[in-house]
Amino acid sequence: MKTHSDPIVRLENVTRHFHQGETIVRAVDGVDLEVYPGEFTVISGPSGSGKTTILNLIGALDDPTEGKIWVEGKNLSSMSRSERSVFRRDRIGFVFQAYNLIPVLTALENAEFILTLQGVPSSERKERVLSLMKEVELEGLENRRPDEMSGGQQQRIAIIRAIISNPAIVLADEPTANVDTATAGKILDLMAKLNREKNATFLFSTHDHNVIERASRVIRMQDGKIIKNDLQSAIENSSEDHS
Amino acid sequence: MLFKMAFRNLRKNKRRTWITLFSIGFGLLLAMTFTGIGDSGYTKMINGAARLGSGHLSIVPSGYIETPALDKTIQDTEEKIALLKKYDHIDACVVRIQGQAMVATPRDSGGATFVALDPGTETSDTAYFLEYIKEGKLFDRDDTFGIVIGRTMSDRLKVGIGEKIVYTTTDKHGEITSGLARVSGIFESGSKEVDGYFIILPLNRMRDLLGYNNDEATLLAIFLDDHHRSEHLKNRLQSEMNDSSCEVTTWRETMPDMASFVALDSSMNYLFQIIIFLLIAAGILNTILMSVLERTRELGIMLAIGMSPVRVVGLIMAEAFWLGILGIVSGIIITAPLYYYLHIFGIDFSGLIHEDTDVAGVVFDSIIYNDLRLESFLFIITGAFIITLLSGIYPAWKAGRLAPVESIKTI
Ligand SMILES: Nc1ncnc2c1ncn2[C@@H]1O[C@H](COP(=O)(O)OP(=O)(O)OP(=O)(O)O)[C@@H](O)[C@H]1O
Ligand SMILES: [Mg+2]
């Protein structure tokens, strides 16, 4: 794909091998990939095709066996353990498949968690979280504990937590896998809205066809390789706008 | 935030937290009870020893402890007493002459240890025997012929109140000298050693007999409000008195048997407590480790989204901190009623303790009280707190080192 802006994420010939006994599993096998600001990209592919592995690599949770990864121009392999921790806190938003939230914290406290780690004052945290919760129609949940919320509500709070500190990119690994279709739709609505209105960049994996349809770009993986990398019609209002 | 989260984690796991708090509390109960009983018992015995012998501190002629003899004396006793009265924590100080004598009646004779004291200055607070006078009384100040002896000796010499005893000793110049006395009182402490060998004589009468002047004696016995201050005060007195003809000793030196009994018994007590605390530490470690292991995913997510490993360690340490604090509170709550009972009423073990059990002549009190010193209490409390924190270190370290990718896979 061609664009004029610098990519947020760049992978160059990235490979990740796992040793499983005698055999070597090529979870990610020579992948080149760029993600641009404002994109709403989905990684799809069969189970075991390497989706989670690639997201973990981009999020500096894992190291490639070969190849290089840059996020906002920074080479991840040059970072120390503590630099990575700060990098993940400040530049990456994470949404996992399920049970994302910290059980002993309320929805509000979970949503503002990253801001708390960053040392943002409590009043500002609260203001930012509550206004976002209101915008995305989650107001009224702020004092609920995770076990007092539905799976969909929990996922949406997790998305707010991921987006609240304005990270470079939100990485979401099958964010809708554990919910029904209607709830998945709501989660997608939220992500799309944040993508549209806040220009947040999303890269997420899924099996779900309904979800794939809504992405601006679809990357298909199989056996650790990208076999298809297609822009969809929705692209017009994402990457092109911000060149 | 860490402390808030840590507290909520403990509250979330109510049952496990209660069990842990109870075990810390129970450990504190044992520690405070046994230490308190020890504190009370040792204090009683040490005070008894001090009253039986030479005070918590004594001022004696140089070299007297190694080889006591009646020709070694201290001078200017009144002046010294006046000086001592200026110190805090000194309850009383009395002048004594102590030595060996032969006692004889027409029927029998034997050896004795005499304690010559001034009946005007001494009470049962300074002289052990006076507490146990069962027959007659202590001689008056102007009664130069009085003597108080123990029951065992009175039986052996076959003398009763008002009957005569002759005692013989060597005077300051090494000459044999003897005096005549009438039994004015008989004490019965329960210790055969004490009741069979100690005799009490009037101080001024002995000064005359031994050729001492009116300001001369072998010993100043000093009684403190708290025997724990002995060493400290000894050093102060030693340097402030600045008199090379005499030295200051503590009850440990004058009563070495008692000192070694207390040392042995209290080290057994310590050992016992260390074992209890180790068991409790193992329990706390297990609790915290379990709670870390079952929260692997949660902790992994925290690490993944950018909580630093140091903070994750801090989170677990904060849980240990709360367990320590709450454990101490529960320990105090559990211990308080028992402590109150043992402090006020005590438990009577007279059925179990043989009548004549004594250490260095001081008879065991058959009623056991709990009288925990503030220092011991603070020591136990801080010890328990530190042990709880130490037990948290390994689980906390483990939590900080979790690999986020692996942890997130676990559910
Ligand atoms: N820690 C690991 N050790 C060994 N093999 C691993 C490890 N993690 C992943 N793999 C292997 O790497 C391959 C890719 O796994 P990955 O989790 O990325 O797939 P995925 O596309 O996310 O699958 P799914 O849709 O089931 O989540 C799989 O064959 C998997 O078994
Ligand atoms: Mg996966």
# chains A, B, ... in the order shown; residues from 1 in each chain; ligands from 1
>>> closest_atom_pairs(of="chain B", to="chain A", cutoff="12 Å", atoms="only C-alpha atoms", output="Markdown table")
| residue | atom | partner | partner_atom | distance |
| --- | --- | --- | --- | --- |
| B:Met1 | CA | A:Thr116 | CA | 8.2 |
| B:Leu2 | CA | A:Leu117 | CA | 10.4 |
| B:Phe3 | CA | A:Val104 | CA | 12.0 |
| B:Lys4 | CA | A:Leu105 | CA | 9.3 |
| B:Met5 | CA | A:Val104 | CA | 6.6 |
| B:Ala6 | CA | A:Val104 | CA | 8.9 |
| B:Phe7 | CA | A:Val104 | CA | 9.3 |
| B:Arg8 | CA | A:Val104 | CA | 6.0 |
| B:Asn9 | CA | A:Val104 | CA | 6.4 |
| B:Leu10 | CA | A:Val104 | CA | 9.8 |
| B:Arg11 | CA | A:Val104 | CA | 9.3 |
| B:Lys12 | CA | A:Val104 | CA | 7.5 |
| B:Asn13 | CA | A:Val104 | CA | 10.7 |
| B:Arg295 | CA | A:Ile102 | CA | 9.9 |
| B:Thr296 | CA | A:Ile102 | CA | 11.7 |
| B:Arg297 | CA | A:Tyr99 | CA | 8.7 |
| B:Glu298 | CA | A:Ile102 | CA | 6.3 |
| B:Leu299 | CA | A:Ile102 | CA | 8.6 |
| B:Gly300 | CA | A:Asn100 | CA | 10.2 |
| B:Ile301 | CA | A:Asn100 | CA | 7.0 |
| B:Met302 | CA | A:Ile102 | CA | 8.0 |
| B:Leu303 | CA | A:Ser85 | CA | 7.4 |
| B:Ala304 | CA | A:Leu61 | CA | 6.8 |
| B:Ile305 | CA | A:Arg89 | CA | 5.5 |
| B:Gly306 | CA | A:Arg89 | CA | 3.9 |
| B:Met307 | CA | A:Leu117 | CA | 6.7 |
| B:Ser308 | CA | A:Ser85 | CA | 5.9 |
| B:Pro309 | CA | A:Ser82 | CA | 8.2 |
| B:Val310 | CA | A:Ser82 | CA | 9.6 |
| B:Arg311 | CA | A:Leu117 | CA | 9.3 |
| B:Val312 | CA | A:Leu117 | CA | 11.5 |
| B:Gly400 | CA | A:Ser82 | CA | 11.9 |
| B:Arg401 | CA | A:Arg81 | CA | 11.0 |
| B:Leu402 | CA | A:Leu61 | CA | 11.7 |
| B:Ala403 | CA | A:Leu61 | CA | 8.4 |
| B:Pro404 | CA | A:Leu61 | CA | 6.8 |
| B:Val405 | CA | A:Leu61 | CA | 6.3 |
| B:Glu406 | CA | A:Leu61 | CA | 9.8 |
| B:Ser407 | CA | A:Leu61 | CA | 11.2 |
| B:Ile408 | CA | A:Phe96 | CA | 8.4 |
| B:Lys409 | CA | A:Gln97 | CA | 9.9 |
| B:Thr410 | CA | A:Tyr99 | CA | 10.8 |
| B:Ile411 | CA | A:Tyr99 | CA | 8.5 |
>>> residues_around(residues="Lys68 of chain A", least_positions_apart="6", cutoff="9 Å", atoms="only C-alpha atoms", output="list in words")
Arg10, Leu11, Glu12, Asn13, Val14, Thr15, Asn75, Leu76 and Ser77 of chain A
>>> write_last_selection(atoms="all heavy atoms", output="short mmCIF file (atom, residue, chain, number, x, y, z; two decimals), in the first residue's frame")
data_model
loop_
_atom_site.label_atom_id
_atom_site.label_comp_id
_atom_site.auth_asym_id
_atom_site.auth_seq_id
_atom_site.Cartn_x
_atom_site.Cartn_y
_atom_site.Cartn_z
N ARG A 10 6.23 -0.70 11.93
CA ARG A 10 6.86 -1.27 10.75
C ARG A 10 7.56 -2.57 11.14
O ARG A 10 8.34 -2.62 12.08
CB ARG A 10 7.88 -0.30 10.18
CG ARG A 10 8.37 -0.68 8.78
CD ARG A 10 8.79 0.56 8.02
NE ARG A 10 10.09 1.05 8.43
CZ ARG A 10 11.25 0.59 7.93
NH1 ARG A 10 11.25 -0.36 7.01
NH2 ARG A 10 12.38 1.10 8.35
N LEU A 11 7.22 -3.64 10.42
CA LEU A 11 7.86 -4.93 10.63
C LEU A 11 8.67 -5.26 9.39
O LEU A 11 8.17 -5.11 8.27
CB LEU A 11 6.83 -6.04 10.85
CG LEU A 11 6.27 -6.20 12.26
CD1 LEU A 11 5.35 -5.05 12.59
CD2 LEU A 11 5.53 -7.53 12.39
N GLU A 12 9.91 -5.68 9.59
CA GLU A 12 10.75 -6.00 8.45
C GLU A 12 11.26 -7.43 8.60
O GLU A 12 12.05 -7.71 9.49
CB GLU A 12 11.91 -5.02 8.41
CG GLU A 12 12.64 -4.96 7.09
CD GLU A 12 13.79 -3.97 7.15
OE1 GLU A 12 13.55 -2.77 6.95
OE2 GLU A 12 14.92 -4.40 7.45
N ASN A 13 10.73 -8.28 7.75
CA ASN A 13 11.16 -9.68 7.71
C ASN A 13 11.16 -10.33 9.10
O ASN A 13 12.13 -10.95 9.52
CB ASN A 13 12.56 -9.74 7.09
CG ASN A 13 12.92 -11.16 6.72
OD1 ASN A 13 12.03 -11.98 6.49
ND2 ASN A 13 14.22 -11.46 6.70
N VAL A 14 10.06 -10.12 9.80
CA VAL A 14 10.01 -10.59 11.19
C VAL A 14 9.63 -12.07 11.28
O VAL A 14 8.68 -12.53 10.65
CB VAL A 14 9.01 -9.75 12.02
CG1 VAL A 14 8.72 -10.41 13.35
CG2 VAL A 14 9.55 -8.35 12.22
N THR A 15 10.41 -12.78 12.07
CA THR A 15 10.19 -14.21 12.27
C THR A 15 10.19 -14.50 13.77
O THR A 15 10.97 -13.91 14.51
CB THR A 15 11.32 -15.02 11.60
OG1 THR A 15 11.30 -14.73 10.20
CG2 THR A 15 11.15 -16.50 11.82
N ASN A 75 13.25 1.30 17.39
CA ASN A 75 13.50 -0.12 17.26
C ASN A 75 13.27 -0.81 18.61
O ASN A 75 13.94 -0.51 19.60
CB ASN A 75 14.95 -0.33 16.81
CG ASN A 75 15.23 -1.78 16.50
OD1 ASN A 75 14.45 -2.66 16.85
ND2 ASN A 75 16.34 -2.02 15.83
N LEU A 76 12.30 -1.71 18.65
CA LEU A 76 11.93 -2.33 19.94
C LEU A 76 13.07 -3.15 20.55
O LEU A 76 13.22 -3.18 21.76
CB LEU A 76 10.70 -3.23 19.76
CG LEU A 76 9.40 -2.56 19.33
CD1 LEU A 76 8.26 -3.56 19.43
CD2 LEU A 76 9.11 -1.32 20.18
N SER A 77 13.87 -3.78 19.71
CA SER A 77 14.89 -4.67 20.28
C SER A 77 16.00 -3.89 20.99
O SER A 77 16.78 -4.48 21.72
CB SER A 77 15.47 -5.58 19.19
OG SER A 77 15.97 -4.78 18.15
#
>>> select_by_dssp(residues="segment 181-294 of chain B", states="helix (DSSP H, G or I)", output="number ranges by chain")
B: 192-197, 203-210, 227-241, 251-254, 256-293
>>> write_last_selection(atoms="C-alpha atoms", output="short mmCIF file (atom, residue, chain, number, x, y, z; two decimals), in the first residue's frame")
data_model
loop_
_atom_site.label_atom_id
_atom_site.label_comp_id
_atom_site.auth_asym_id
_atom_site.auth_seq_id
_atom_site.Cartn_x
_atom_site.Cartn_y
_atom_site.Cartn_z
CA LYS B 192 15.87 -25.54 103.13
CA GLU B 193 19.06 -23.74 102.21
CA VAL B 194 17.77 -20.36 103.32
CA ASP B 195 15.90 -21.58 106.37
CA GLY B 196 18.83 -23.69 107.51
CA TYR B 197 21.73 -21.28 107.14
CA LEU B 203 24.01 -3.98 112.31
CA ASN B 204 25.38 -1.79 115.13
CA ARG B 205 25.99 -4.74 117.39
CA MET B 206 28.06 -6.41 114.67
CA ARG B 207 30.03 -3.23 114.01
CA ASP B 208 31.04 -3.23 117.68
CA LEU B 209 31.83 -6.90 117.68
CA LEU B 210 33.91 -6.81 114.50
CA HIS B 227 16.05 -4.80 87.55
CA HIS B 228 16.59 -4.27 83.80
CA ARG B 229 18.34 -1.04 84.64
CA SER B 230 21.02 -2.81 86.65
CA GLU B 231 23.81 -2.84 84.07
CA HIS B 232 23.21 0.71 82.98
CA LEU B 233 23.16 2.06 86.51
CA LYS B 234 26.15 0.01 87.50
CA ASN B 235 28.23 1.70 84.84
CA ARG B 236 27.00 5.12 85.83
CA LEU B 237 27.68 4.59 89.51
CA GLN B 238 31.05 3.08 88.84
CA SER B 239 32.24 6.13 86.97
CA GLU B 240 30.49 8.74 89.09
CA MET B 241 31.54 7.36 92.46
CA TRP B 251 22.87 -9.23 90.97
CA ARG B 252 24.33 -11.28 88.11
CA GLU B 253 27.71 -11.22 89.80
CA THR B 254 26.51 -11.60 93.35
CA PRO B 256 25.60 -16.20 89.53
CA ASP B 257 23.34 -19.24 90.01
CA MET B 258 20.24 -17.12 89.54
CA ALA B 259 21.78 -15.33 86.58
CA SER B 260 22.54 -18.57 84.77
CA PHE B 261 19.10 -19.98 85.54
CA VAL B 262 17.41 -16.91 84.07
CA ALA B 263 19.73 -16.92 81.06
CA LEU B 264 19.07 -20.59 80.32
CA ASP B 265 15.35 -20.41 80.88
CA SER B 266 14.89 -17.31 78.78
CA SER B 267 16.96 -18.69 75.95
CA MET B 268 14.70 -21.75 75.90
CA ASN B 269 11.83 -19.34 75.73
CA TYR B 270 13.43 -17.51 72.79
CA LEU B 271 14.05 -20.73 70.95
CA PHE B 272 10.45 -21.75 71.41
CA GLN B 273 9.29 -18.41 70.07
CA ILE B 274 11.57 -18.56 67.07
CA ILE B 275 10.05 -21.93 66.20
CA ILE B 276 6.53 -20.55 66.53
CA PHE B 277 7.36 -17.57 64.35
CA LEU B 278 9.02 -19.74 61.71
CA LEU B 279 5.87 -21.84 61.51
CA ILE B 280 3.78 -18.72 61.16
CA ALA B 281 6.14 -17.31 58.54
CA ALA B 282 5.74 -20.51 56.52
CA GLY B 283 1.96 -20.10 56.73
CA ILE B 284 2.05 -16.49 55.60
CA LEU B 285 4.43 -17.27 52.77
CA ASN B 286 2.10 -20.03 51.62
CA THR B 287 -0.92 -17.72 51.74
CA ILE B 288 0.71 -14.95 49.76
CA LEU B 289 2.29 -17.33 47.28
CA MET B 290 -1.07 -19.00 46.64
CA SER B 291 -2.71 -15.68 46.09
CA VAL B 292 0.01 -14.69 43.61
CA LEU B 293 -0.22 -17.95 41.71
#
>>> residues_around(residues="Gly174 of chain B", least_positions_apart="6", cutoff="10 Å", atoms="only C-alpha atoms", output="number ranges by chain")
B: 69-71, 210
>>> residues_near_ligand(ligand="ligand 2", cutoff="9 Å", atoms="only C-alpha atoms and all ligand atoms", output="list in words")
Ser47, Gly48, Ser49, Gly50, Lys51, Thr52, Thr53, Leu55, Gln97, Asp173, Glu174, Ser205 and Thr206 of chain A
>>> write_last_selection(atoms="N, CA and C atoms", output="tab-separated table (two decimals), in the first residue's frame")
chain	number	residue	atom	x	y	z
A	47	SER	N	-6.93	-20.52	13.29
A	47	SER	CA	-6.29	-20.71	14.59
A	47	SER	C	-4.86	-21.21	14.39
A	48	GLY	N	-3.95	-20.61	15.14
A	48	GLY	CA	-2.56	-21.04	15.02
A	48	GLY	C	-1.82	-20.37	13.89
A	49	SER	N	-2.43	-19.42	13.24
A	49	SER	CA	-1.76	-18.80	12.09
A	49	SER	C	-0.77	-17.71	12.51
A	50	GLY	N	-0.77	-17.33	13.77
A	50	GLY	CA	0.25	-16.39	14.25
A	50	GLY	C	-0.27	-15.01	14.60
A	51	LYS	N	-1.58	-14.86	14.71
A	51	LYS	CA	-2.17	-13.55	14.99
A	51	LYS	C	-1.72	-13.01	16.34
A	52	THR	N	-1.92	-13.82	17.36
A	52	THR	CA	-1.55	-13.38	18.71
A	52	THR	C	-0.06	-13.10	18.78
A	53	THR	N	0.71	-13.97	18.17
A	53	THR	CA	2.16	-13.80	18.24
A	53	THR	C	2.58	-12.46	17.65
A	55	LEU	N	0.81	-9.72	17.33
A	55	LEU	CA	0.38	-8.61	18.20
A	55	LEU	C	1.31	-8.49	19.41
A	97	GLN	N	-8.46	-10.83	25.03
A	97	GLN	CA	-9.67	-11.54	24.65
A	97	GLN	C	-10.79	-11.44	25.69
A	173	ASP	N	-6.47	-8.27	20.81
A	173	ASP	CA	-6.42	-9.67	20.37
A	173	ASP	C	-7.78	-10.31	20.58
A	174	GLU	N	-8.48	-10.54	19.50
A	174	GLU	CA	-9.82	-11.11	19.51
A	174	GLU	C	-10.71	-10.49	20.58
A	205	SER	N	-7.11	-8.60	16.00
A	205	SER	CA	-7.23	-9.90	15.36
A	205	SER	C	-8.63	-10.43	15.60
A	206	THR	N	-9.09	-11.26	14.67
A	206	THR	CA	-10.41	-11.87	14.85
A	206	THR	C	-10.60	-13.03	13.90
>>> residues_around(residues="Tyr167 of chain B", least_positions_apart="2", cutoff="8 Å", atoms="only C-alpha atoms", output="JSON, numbers by chain")
{"B": [101, 102, 103, 104, 165, 169, 178, 179, 180, 181]}
>>> atom_distance(atom1="atom CA of Lys137 of chain B", atom2="atom CA of Thr121 of chain B")
15.2 Å
